[in-house]
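Source file: target37.pdb; contents: PDB, C-alpha atoms, pLDDT in the B column.
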ATOM      1  CA  MET A   1     100.452 -66.005  46.809  1.00 69.00           C
ATOM      2  CA  PRO A   2      99.409 -63.724  49.707  1.00 73.00           C
ATOM      3  CA  SER A   3      99.311 -65.288  53.153  1.00 82.00           C
ATOM      4  CA  TRP A   4      96.062 -65.462  55.116  1.00 81.00           C
ATOM      5  CA  GLN A   5      97.305 -62.547  57.246  1.00 82.00           C
ATOM      6  CA  GLU A   6      97.644 -60.417  54.116  1.00 83.00           C
ATOM      7  CA  TRP A   7      94.139 -61.427  53.030  1.00 87.00           C
ATOM      8  CA  LEU A   8      92.912 -60.313  56.463  1.00 86.00           C
ATOM      9  CA  GLY A   9      94.532 -56.934  55.850  1.00 84.00           C
ATOM     10  CA  TYR A  10      92.811 -56.651  52.468  1.00 87.00           C
ATOM     11  CA  VAL A  11      89.455 -57.528  54.029  1.00 89.00           C
ATOM     12  CA  ALA A  12      89.969 -54.929  56.772  1.00 88.00           C
ATOM     13  CA  SER A  13      90.832 -52.290  54.154  1.00 88.00           C
ATOM     14  CA  LEU A  14      87.737 -53.162  52.144  1.00 90.00           C
ATOM     15  CA  ILE A  15      85.445 -52.931  55.189  1.00 92.00           C
ATOM     16  CA  VAL A  16      86.838 -49.505  56.124  1.00 89.00           C
ATOM     17  CA  LEU A  17      86.440 -48.346  52.511  1.00 90.00           C
ATOM     18  CA  VAL A  18      82.819 -49.551  52.402  1.00 90.00           C
ATOM     19  CA  SER A  19      82.073 -47.718  55.655  1.00 89.00           C
ATOM     20  CA  LEU A  20      82.961 -44.410  53.997  1.00 88.00           C
ATOM     21  CA  LEU A  21      80.249 -45.004  51.376  1.00 87.00           C
ATOM     22  CA  MET A  22      77.481 -45.021  53.996  1.00 85.00           C
ATOM     23  CA  SER A  23      75.157 -42.011  54.073  1.00 75.00           C
ATOM     24  CA  SER A  24      73.842 -43.032  57.508  1.00 79.00           C
ATOM     25  CA  VAL A  25      76.259 -41.907  60.225  1.00 82.00           C
ATOM     26  CA  LYS A  26      75.214 -44.767  62.500  1.00 85.00           C
ATOM     27  CA  ARG A  27      75.824 -47.383  59.804  1.00 88.00           C
ATOM     28  CA  LEU A  28      79.158 -45.735  58.974  1.00 91.00           C
ATOM     29  CA  ARG A  29      80.223 -45.960  62.620  1.00 93.00           C
ATOM     30  CA  TRP A  30      79.288 -49.637  62.941  1.00 94.00           C
ATOM     31  CA  ILE A  31      80.988 -50.751  59.743  1.00 94.00           C
ATOM     32  CA  ASN A  32      84.059 -48.618  60.434  1.00 94.00           C
ATOM     33  CA  LEU A  33      84.278 -50.099  63.939  1.00 94.00           C
ATOM     34  CA  ILE A  34      84.266 -53.633  62.513  1.00 94.00           C
ATOM     35  CA  GLY A  35      86.870 -52.739  59.878  1.00 93.00           C
ATOM     36  CA  SER A  36      89.124 -51.068  62.444  1.00 94.00           C
ATOM     37  CA  LEU A  37      88.826 -54.060  64.769  1.00 94.00           C
ATOM     38  CA  VAL A  38      89.865 -56.422  61.964  1.00 93.00           C
ATOM     39  CA  PHE A  39      92.721 -54.045  61.129  1.00 91.00           C
ATOM     40  CA  ALA A  40      93.840 -54.080  64.779  1.00 92.00           C
ATOM     41  CA  VAL A  41      93.919 -57.883  64.769  1.00 92.00           C
ATOM     42  CA  TYR A  42      95.876 -57.769  61.512  1.00 90.00           C
ATOM     43  CA  GLY A  43      98.353 -55.320  63.061  1.00 90.00           C
ATOM     44  CA  PHE A  44      98.973 -57.586  66.058  1.00 91.00           C
ATOM     45  CA  LEU A  45      99.381 -60.656  63.812  1.00 90.00           C
ATOM     46  CA  ILE A  46     102.117 -59.021  61.734  1.00 90.00           C
ATOM     47  CA  SER A  47     103.674 -57.362  64.830  1.00 87.00           C
ATOM     48  CA  ALA A  48     102.902 -53.869  63.532  1.00 88.00           C
ATOM     49  CA  LEU A  49     102.036 -52.229  66.859  1.00 90.00           C
ATOM     50  CA  PRO A  50     101.463 -48.706  65.436  1.00 91.00           C
ATOM     51  CA  VAL A  51      98.825 -50.136  63.050  1.00 89.00           C
ATOM     52  CA  ALA A  52      97.219 -52.230  65.795  1.00 90.00           C
ATOM     53  CA  LEU A  53      97.138 -49.480  68.423  1.00 93.00           C
ATOM     54  CA  MET A  54      95.890 -46.780  66.049  1.00 94.00           C
ATOM     55  CA  ASN A  55      93.014 -48.999  64.925  1.00 93.00           C
ATOM     56  CA  LEU A  56      92.155 -49.949  68.500  1.00 94.00           C
ATOM     57  CA  GLY A  57      91.903 -46.221  69.138  1.00 94.00           C
ATOM     58  CA  ILE A  58      89.535 -45.871  66.173  1.00 94.00           C
ATOM     59  CA  VAL A  59      87.452 -48.774  67.542  1.00 95.00           C
ATOM     60  CA  MET A  60      87.104 -46.955  70.878  1.00 95.00           C
ATOM     61  CA  ILE A  61      86.195 -43.667  69.173  1.00 95.00           C
ATOM     62  CA  ASN A  62      83.498 -45.371  67.108  1.00 93.00           C
ATOM     63  CA  ALA A  63      82.212 -47.212  70.190  1.00 94.00           C
ATOM     64  CA  TYR A  64      81.993 -43.920  72.098  1.00 92.00           C
ATOM     65  CA  TYR A  65      79.971 -42.178  69.401  1.00 90.00           C
ATOM     66  CA  LEU A  66      77.700 -45.198  68.942  1.00 91.00           C
ATOM     67  CA  TYR A  67      77.063 -45.192  72.693  1.00 89.00           C
ATOM     68  CA  GLN A  68      76.128 -41.513  72.425  1.00 85.00           C
ATOM     69  CA  MET A  69      73.757 -42.229  69.535  1.00 82.00           C
ATOM     70  CA  TYR A  70      71.977 -45.013  71.391  1.00 83.00           C
ATOM     71  CA  THR A  71      71.760 -43.383  74.825  1.00 83.00           C
ATOM     72  CA  ILE A  72      71.296 -39.635  74.293  1.00 77.00           C
ATOM     73  CA  LYS A  73      67.621 -38.748  74.082  1.00 81.00           C
ATOM     74  CA  ASP A  74      66.509 -37.123  70.855  1.00 84.00           C
ATOM     75  CA  TYR A  75      63.733 -34.528  70.799  1.00 89.00           C
ATOM     76  CA  PHE A  76      61.212 -34.744  67.998  1.00 92.00           C
ATOM     77  CA  LYS A  77      58.547 -32.291  66.943  1.00 93.00           C
ATOM     78  CA  LEU A  78      56.181 -31.693  64.035  1.00 94.00           C
ATOM     79  CA  MET A  79      56.021 -28.157  62.674  1.00 94.00           C
ATOM     80  CA  THR A  80      53.458 -27.056  60.110  1.00 92.00           C
ATOM     81  CA  VAL A  81      55.162 -25.349  57.175  1.00 92.00           C
ATOM     82  CA  SER A  82      54.621 -21.602  57.240  1.00 86.00           C
ATOM     83  CA  ASP A  83      57.631 -20.448  55.225  1.00 85.00           C
ATOM     84  CA  LEU A  84      57.306 -21.646  51.636  1.00 91.00           C
ATOM     85  CA  ALA A  85      60.664 -20.119  50.718  1.00 93.00           C
ATOM     86  CA  TYR A  86      62.509 -22.455  53.074  1.00 93.00           C
ATOM     87  CA  PHE A  87      60.196 -25.369  52.224  1.00 94.00           C
ATOM     88  CA  ASN A  88      60.916 -24.955  48.501  1.00 93.00           C
ATOM     89  CA  LEU A  89      64.641 -24.741  49.207  1.00 94.00           C
ATOM     90  CA  PHE A  90      64.466 -27.957  51.257  1.00 94.00           C
ATOM     91  CA  ILE A  91      62.558 -29.768  48.494  1.00 93.00           C
ATOM     92  CA  HIS A  92      64.880 -28.482  45.764  1.00 92.00           C
ATOM     93  CA  THR A  93      67.977 -29.514  47.738  1.00 93.00           C
ATOM     94  CA  HIS A  94      66.758 -33.060  48.406  1.00 93.00           C
ATOM     95  CA  GLU A  95      64.539 -33.675  45.367  1.00 90.00           C
ATOM     96  CA  LYS A  96      66.924 -36.070  43.618  1.00 90.00           C
ATOM     97  CA  ASP A  97      67.297 -38.200  46.749  1.00 90.00           C
ATOM     98  CA  MET A  98      63.528 -38.100  47.357  1.00 90.00           C
ATOM     99  CA  LYS A  99      62.775 -39.389  43.876  1.00 88.00           C
ATOM    100  CA  ALA A 100      65.182 -42.286  44.392  1.00 87.00           C
ATOM    101  CA  PHE A 101      62.652 -43.573  46.934  1.00 87.00           C
ATOM    102  CA  MET A 102      59.266 -42.306  45.755  1.00 87.00           C
ATOM    103  CA  ALA A 103      57.696 -40.724  42.688  1.00 83.00           C
ATOM    104  CA  PHE A 104      55.628 -37.534  42.818  1.00 82.00           C
ATOM    105  CA  ASP A 105      54.484 -35.266  40.020  1.00 78.00           C
ATOM    106  CA  GLU A 106      52.462 -32.631  41.838  1.00 80.00           C
ATOM    107  CA  ALA A 107      53.782 -29.188  42.732  1.00 84.00           C
ATOM    108  CA  LEU A 108      54.491 -29.664  46.436  1.00 88.00           C
ATOM    109  CA  ASP A 109      54.113 -25.966  47.220  1.00 86.00           C
ATOM    110  CA  ASN A 110      50.394 -26.187  46.371  1.00 88.00           C
ATOM    111  CA  PRO A 111      48.624 -24.395  49.270  1.00 87.00           C
ATOM    112  CA  GLN A 112      45.926 -27.110  49.299  1.00 90.00           C
ATOM    113  CA  LEU A 113      48.442 -29.731  50.451  1.00 92.00           C
ATOM    114  CA  ILE A 114      49.274 -30.504  54.068  1.00 92.00           C
ATOM    115  CA  LYS A 115      52.968 -29.785  54.632  1.00 95.00           C
ATOM    116  CA  VAL A 116      54.792 -30.606  57.854  1.00 95.00           C
ATOM    117  CA  PHE A 117      58.459 -30.471  58.811  1.00 96.00           C
ATOM    118  CA  MET A 118      59.727 -33.211  61.110  1.00 95.00           C
ATOM    119  CA  LEU A 119      62.249 -31.714  63.522  1.00 95.00           C
ATOM    120  CA  ARG A 120      64.899 -33.701  65.341  1.00 93.00           C
ATOM    121  CA  ASN A 121      66.694 -31.739  68.042  1.00 90.00           C
ATOM    122  CA  THR A 122      65.294 -28.571  66.374  1.00 91.00           C
ATOM    123  CA  VAL A 123      66.845 -29.527  62.991  1.00 91.00           C
ATOM    124  CA  PRO A 124      64.465 -30.005  59.986  1.00 93.00           C
ATOM    125  CA  ALA A 125      65.309 -33.683  59.464  1.00 93.00           C
ATOM    126  CA  GLY A 126      62.401 -34.562  57.192  1.00 94.00           C
ATOM    127  CA  VAL A 127      59.170 -33.478  55.598  1.00 95.00           C
ATOM    128  CA  LEU A 128      55.680 -34.901  55.120  1.00 95.00           C
ATOM    129  CA  VAL A 129      53.454 -33.691  52.287  1.00 95.00           C
ATOM    130  CA  GLY A 130      49.945 -35.036  51.795  1.00 93.00           C
ATOM    131  CA  LYS A 131      46.652 -34.466  50.041  1.00 92.00           C
ATOM    132  CA  ARG A 132      43.529 -34.748  52.144  1.00 91.00           C
ATOM    133  CA  SER A 133      40.280 -36.264  50.930  1.00 90.00           C
ATOM    134  CA  GLU A 134      37.651 -36.407  53.693  1.00 90.00           C
ATOM    135  CA  GLN A 135      39.135 -38.711  56.382  1.00 93.00           C
ATOM    136  CA  THR A 136      41.967 -39.993  54.215  1.00 93.00           C
ATOM    137  CA  LEU A 137      45.405 -38.450  53.760  1.00 94.00           C
ATOM    138  CA  GLU A 138      47.241 -39.443  50.613  1.00 93.00           C
ATOM    139  CA  ILE A 139      50.926 -39.125  51.436  1.00 93.00           C
ATOM    140  CA  LEU A 140      52.830 -37.724  48.485  1.00 93.00           C
ATOM    141  CA  VAL A 141      56.169 -37.335  50.250  1.00 93.00           C
ATOM    142  CA  ASP A 142      57.472 -38.828  53.478  1.00 94.00           C
ATOM    143  CA  TYR A 143      61.163 -38.011  53.403  1.00 94.00           C
ATOM    144  CA  VAL A 144      63.986 -38.019  55.941  1.00 93.00           C
ATOM    145  CA  THR A 145      67.470 -36.724  55.149  1.00 92.00           C
ATOM    146  CA  PRO A 146      70.240 -39.372  55.016  1.00 88.00           C
ATOM    147  CA  THR A 147      71.861 -38.263  58.284  1.00 83.00           C
ATOM    148  CA  TYR A 148      68.686 -39.059  60.254  1.00 87.00           C
ATOM    149  CA  ARG A 149      67.534 -42.129  58.320  1.00 84.00           C
ATOM    150  CA  ASP A 150      67.436 -44.630  61.186  1.00 81.00           C
ATOM    151  CA  PHE A 151      63.650 -45.268  61.439  1.00 85.00           C
ATOM    152  CA  LYS A 152      63.318 -43.091  64.574  1.00 88.00           C
ATOM    153  CA  MET A 153      61.621 -40.367  62.552  1.00 89.00           C
ATOM    154  CA  GLY A 154      59.189 -42.868  61.052  1.00 91.00           C
ATOM    155  CA  HIS A 155      58.278 -44.326  64.440  1.00 91.00           C
ATOM    156  CA  PHE A 156      57.812 -40.830  65.828  1.00 92.00           C
ATOM    157  CA  LEU A 157      55.514 -39.842  62.967  1.00 92.00           C
ATOM    158  CA  TYR A 158      53.395 -42.976  62.613  1.00 93.00           C
ATOM    159  CA  GLU A 159      53.322 -44.196  66.218  1.00 91.00           C
ATOM    160  CA  ASP A 160      53.873 -41.266  68.573  1.00 91.00           C
ATOM    161  CA  GLN A 161      52.011 -38.688  66.477  1.00 90.00           C
ATOM    162  CA  VAL A 162      48.844 -40.590  65.587  1.00 91.00           C
ATOM    163  CA  SER A 163      46.973 -37.924  67.557  1.00 91.00           C
ATOM    164  CA  PHE A 164      48.259 -35.281  65.110  1.00 91.00           C
ATOM    165  CA  PHE A 165      46.325 -36.967  62.310  1.00 92.00           C
ATOM    166  CA  LYS A 166      43.259 -37.835  64.386  1.00 92.00           C
ATOM    167  CA  GLU A 167      42.889 -34.262  65.628  1.00 91.00           C
ATOM    168  CA  GLN A 168      42.431 -33.259  61.993  1.00 89.00           C
ATOM    169  CA  GLY A 169      39.830 -35.973  61.446  1.00 92.00           C
ATOM    170  CA  ILE A 170      42.210 -38.212  59.464  1.00 94.00           C
ATOM    171  CA  THR A 171      41.667 -41.926  60.113  1.00 93.00           C
ATOM    172  CA  LYS A 172      43.475 -43.489  57.164  1.00 94.00           C
ATOM    173  CA  LEU A 173      46.834 -42.926  55.493  1.00 95.00           C
ATOM    174  CA  VAL A 174      47.386 -43.970  51.881  1.00 94.00           C
ATOM    175  CA  THR A 175      50.524 -43.821  49.786  1.00 93.00           C
ATOM    176  CA  LYS A 176      51.902 -45.197  46.539  1.00 90.00           C
ATOM    177  CA  PRO A 177      54.791 -47.653  46.722  1.00 85.00           C
ATOM    178  CA  GLY A 178      58.171 -46.332  45.666  1.00 84.00           C
ATOM    179  CA  SER A 179      61.477 -48.167  45.528  1.00 86.00           C
ATOM    180  CA  GLU A 180      61.999 -51.528  47.225  1.00 87.00           C
ATOM    181  CA  LYS A 181      63.599 -49.760  50.197  1.00 87.00           C
ATOM    182  CA  HIS A 182      60.618 -47.431  50.430  1.00 90.00           C
ATOM    183  CA  GLN A 183      58.222 -50.389  50.453  1.00 89.00           C
ATOM    184  CA  MET A 184      60.242 -52.088  53.199  1.00 89.00           C
ATOM    185  CA  TYR A 185      60.070 -48.858  55.198  1.00 90.00           C
ATOM    186  CA  LEU A 186      56.289 -48.620  54.743  1.00 90.00           C
ATOM    187  CA  LYS A 187      55.785 -52.199  55.919  1.00 91.00           C
ATOM    188  CA  ARG A 188      57.963 -51.523  58.958  1.00 90.00           C
ATOM    189  CA  MET A 189      55.814 -48.488  59.749  1.00 92.00           C
ATOM    190  CA  GLY A 190      52.628 -50.586  59.701  1.00 92.00           C
ATOM    191  CA  PHE A 191      51.377 -49.915  56.163  1.00 93.00           C
ATOM    192  CA  LYS A 192      49.709 -52.818  54.363  1.00 92.00           C
ATOM    193  CA  PRO A 193      49.840 -53.379  50.585  1.00 90.00           C
ATOM    194  CA  THR A 194      46.451 -53.532  48.839  1.00 88.00           C
ATOM    195  CA  ASP A 195      45.186 -55.037  45.606  1.00 82.00           C
ATOM    196  CA  ASN A 196      45.065 -51.618  43.916  1.00 80.00           C
ATOM    197  CA  HIS A 197      48.830 -51.081  44.309  1.00 85.00           C
ATOM    198  CA  LEU A 198      48.643 -48.789  47.307  1.00 90.00           C
ATOM    199  CA  PHE A 199      49.925 -49.010  50.865  1.00 92.00           C
ATOM    200  CA  VAL A 200      47.364 -48.254  53.588  1.00 93.00           C
ATOM    201  CA  LYS A 201      47.591 -47.634  57.313  1.00 93.00           C
ATOM    202  CA  ASN A 202      44.419 -47.292  59.401  1.00 92.00           C
ATOM    203  CA  LEU A 203      44.796 -45.085  62.481  1.00 90.00           C
TER     204      LEU A 203
END
So, in terms of structure tokens, how does the structure I just supplied come out?
Amino acid sequence: MPSWQEWLGYVASLIVLVSLLMSSVKRLRWINLIGSLVFAVYGFLISALPVALMNLGIVMINAYYLYQMYTIKDYFKLMTVSDLAYFNLFIHTHEKDMKAFMAFDEALDNPQLIKVFMLRNTVPAGVLVGKRSEQTLEILVDYVTPTYRDFKMGHFLYEDQVSFFKEQGITKLVTKPGSEKHQMYLKRMGFKPTDNHLFVKNL
């Protein structure tokens, strides 16, 4: 029967393994930090100093990068899509991941649709595609790539860039609910569910 110290080692291994499954870099860093810290404790308990010291080093590395993530200022910008070739490549590359969160059947390269890239530190981190009807914008796609999926893009779009919509005469945003995670995201961004199975945000 394994001792409790051995069980601690198994738990530490499992936490580190789980961290490597994370698509979000920030979540990976946090979980890996916790796993490495548990591993360091395990190393000290069994008097394995190389194991303990190496994992303490990993804890410090993770802590450093997390500090960078939380303190370095990101720069966000909206950029209207002008190059359909790159837009189509972006959609094609991420389409499977997009449809895990939301369903859309329309051809997104339709010139009648509003298409906007969301840039983070000049990198196209996400895309917004919508269909306008008078003062309402029906959002077909609101997608952020896994690396940047930490809600900052959503807050930038729906809080800091309200003027972007209002300048175009848009006063209401409407979208269909997708997966459970997508619905949680919409609620966090201020969208309200309605009786006709839509999520609405008044600007």
*Report the residues retrieved by the PyMOL selection byres ((chain A and resi 51-64) around 9) from the displayed file, expressed as a ChimeraX atom specification.*
/A:29-30,32-45,47-50,65-69
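Take CA of Asn110 (chain A) and CA of Leu203 (chain A): the distance between them is 25.5 Å.
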*Please write the residues picked by the PyMOL selection byres ((chain A and resi 193-202) around 6) on this file as a list in words.*
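When the PyMOL selection byres ((chain A and resi 193-202) around 6) is applied to the shown file, the picked residues are Lys172, Leu173, Val174, Thr175, Lys176, Phe191, Lys192 and Leu203 of chain A.
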*List every protein, DNA or RNA residue that has an atom no more than 12 Å from (58.5, -22.0, 53.1) in the file's coordinate frame, counting only C-alpha atoms, and report them as an MDAnalysis selection string.*
chainID A and resid 79:92 108:111 115:117 127
_Just checking: using all atoms listed in the file, which residue out of A:Ala12, A:Leu17, A:Val25, A:Val123 ends up closest to Asp74 (chain A)?_
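Under the stated criterion, the closest residue is A:Val123.
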Using the partial input, fill out region 77-100 of chain A with N, CA and C atoms; write the result as a PDB file, in the coordinates of the input.
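rebuild.pdb, freshly written:
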ATOM      1  N   LYS A  77      59.707 -33.181  66.977  1.00 93.00           N
ATOM      2  CA  LYS A  77      58.547 -32.291  66.943  1.00 93.00           C
ATOM      3  C   LYS A  77      58.070 -32.139  65.503  1.00 93.00           C
ATOM      4  N   LEU A  78      56.753 -32.007  65.340  1.00 94.00           N
ATOM      5  CA  LEU A  78      56.181 -31.693  64.035  1.00 94.00           C
ATOM      6  C   LEU A  78      55.926 -30.193  63.976  1.00 94.00           C
ATOM      7  N   MET A  79      56.237 -29.597  62.831  1.00 94.00           N
ATOM      8  CA  MET A  79      56.021 -28.157  62.674  1.00 94.00           C
ATOM      9  C   MET A  79      55.371 -27.909  61.315  1.00 94.00           C
ATOM     10  N   THR A  80      54.156 -27.375  61.352  1.00 92.00           N
ATOM     11  CA  THR A  80      53.458 -27.056  60.110  1.00 92.00           C
ATOM     12  C   THR A  80      54.253 -26.021  59.316  1.00 92.00           C
ATOM     13  N   VAL A  81      54.385 -26.254  58.028  1.00 92.00           N
ATOM     14  CA  VAL A  81      55.162 -25.349  57.175  1.00 92.00           C
ATOM     15  C   VAL A  81      54.455 -24.004  57.052  1.00 92.00           C
ATOM     16  N   SER A  82      55.170 -22.950  57.389  1.00 86.00           N
ATOM     17  CA  SER A  82      54.621 -21.602  57.240  1.00 86.00           C
ATOM     18  C   SER A  82      55.474 -20.758  56.295  1.00 86.00           C
ATOM     19  N   ASP A  83      56.706 -21.188  56.087  1.00 85.00           N
ATOM     20  CA  ASP A  83      57.631 -20.448  55.225  1.00 85.00           C
ATOM     21  C   ASP A  83      57.876 -21.253  53.947  1.00 85.00           C
ATOM     22  N   LEU A  84      57.168 -20.903  52.882  1.00 91.00           N
ATOM     23  CA  LEU A  84      57.306 -21.646  51.636  1.00 91.00           C
ATOM     24  C   LEU A  84      58.678 -21.465  50.995  1.00 91.00           C
ATOM     25  N   ALA A  85      59.334 -20.348  51.290  1.00 93.00           N
ATOM     26  CA  ALA A  85      60.664 -20.119  50.718  1.00 93.00           C
ATOM     27  C   ALA A  85      61.632 -21.191  51.218  1.00 93.00           C
ATOM     28  N   TYR A  86      61.603 -21.431  52.529  1.00 93.00           N
ATOM     29  CA  TYR A  86      62.509 -22.455  53.074  1.00 93.00           C
ATOM     30  C   TYR A  86      62.044 -23.846  52.653  1.00 93.00           C
ATOM     31  N   PHE A  87      60.730 -24.074  52.644  1.00 94.00           N
ATOM     32  CA  PHE A  87      60.196 -25.369  52.224  1.00 94.00           C
ATOM     33  C   PHE A  87      60.638 -25.686  50.788  1.00 94.00           C
ATOM     34  N   ASN A  88      60.516 -24.733  49.891  1.00 93.00           N
ATOM     35  CA  ASN A  88      60.916 -24.955  48.501  1.00 93.00           C
ATOM     36  C   ASN A  88      62.417 -25.204  48.376  1.00 93.00           C
ATOM     37  N   LEU A  89      63.195 -24.519  49.205  1.00 94.00           N
ATOM     38  CA  LEU A  89      64.641 -24.741  49.207  1.00 94.00           C
ATOM     39  C   LEU A  89      64.955 -26.164  49.680  1.00 94.00           C
ATOM     40  N   PHE A  90      64.270 -26.602  50.719  1.00 94.00           N
ATOM     41  CA  PHE A  90      64.466 -27.957  51.257  1.00 94.00           C
ATOM     42  C   PHE A  90      64.125 -28.997  50.188  1.00 94.00           C
ATOM     43  N   ILE A  91      62.982 -28.823  49.530  1.00 93.00           N
ATOM     44  CA  ILE A  91      62.558 -29.768  48.494  1.00 93.00           C
ATOM     45  C   ILE A  91      63.547 -29.765  47.330  1.00 93.00           C
ATOM     46  N   HIS A  92      63.944 -28.590  46.887  1.00 92.00           N
ATOM     47  CA  HIS A  92      64.880 -28.482  45.764  1.00 92.00           C
ATOM     48  C   HIS A  92      66.215 -29.152  46.100  1.00 92.00           C
ATOM     49  N   THR A  93      66.685 -28.956  47.323  1.00 93.00           N
ATOM     50  CA  THR A  93      67.977 -29.514  47.738  1.00 93.00           C
ATOM     51  C   THR A  93      67.954 -31.037  47.763  1.00 93.00           C
ATOM     52  N   HIS A  94      66.826 -31.607  48.196  1.00 93.00           N
ATOM     53  CA  HIS A  94      66.758 -33.060  48.406  1.00 93.00           C
ATOM     54  C   HIS A  94      65.925 -33.785  47.352  1.00 93.00           C
ATOM     55  N   GLU A  95      65.479 -33.080  46.319  1.00 90.00           N
ATOM     56  CA  GLU A  95      64.539 -33.675  45.367  1.00 90.00           C
ATOM     57  C   GLU A  95      65.088 -34.933  44.693  1.00 90.00           C
ATOM     58  N   LYS A  96      66.340 -34.903  44.300  1.00 90.00           N
ATOM     59  CA  LYS A  96      66.924 -36.070  43.618  1.00 90.00           C
ATOM     60  C   LYS A  96      66.918 -37.288  44.529  1.00 90.00           C
ATOM     61  N   ASP A  97      67.286 -37.093  45.789  1.00 90.00           N
ATOM     62  CA  ASP A  97      67.297 -38.200  46.749  1.00 90.00           C
ATOM     63  C   ASP A  97      65.874 -38.674  47.032  1.00 90.00           C
ATOM     64  N   MET A  98      64.933 -37.735  47.135  1.00 90.00           N
ATOM     65  CA  MET A  98      63.528 -38.100  47.357  1.00 90.00           C
ATOM     66  C   MET A  98      63.029 -39.031  46.255  1.00 90.00           C
ATOM     67  N   LYS A  99      63.308 -38.632  45.005  1.00 88.00           N
ATOM     68  CA  LYS A  99      62.775 -39.389  43.876  1.00 88.00           C
ATOM     69  C   LYS A  99      63.482 -40.725  43.673  1.00 88.00           C
ATOM     70  N   ALA A 100      64.562 -40.962  44.409  1.00 87.00           N
ATOM     71  CA  ALA A 100      65.182 -42.286  44.392  1.00 87.00           C
ATOM     72  C   ALA A 100      64.357 -43.266  45.213  1.00 87.00           C
TER      73      ALA A 100
END
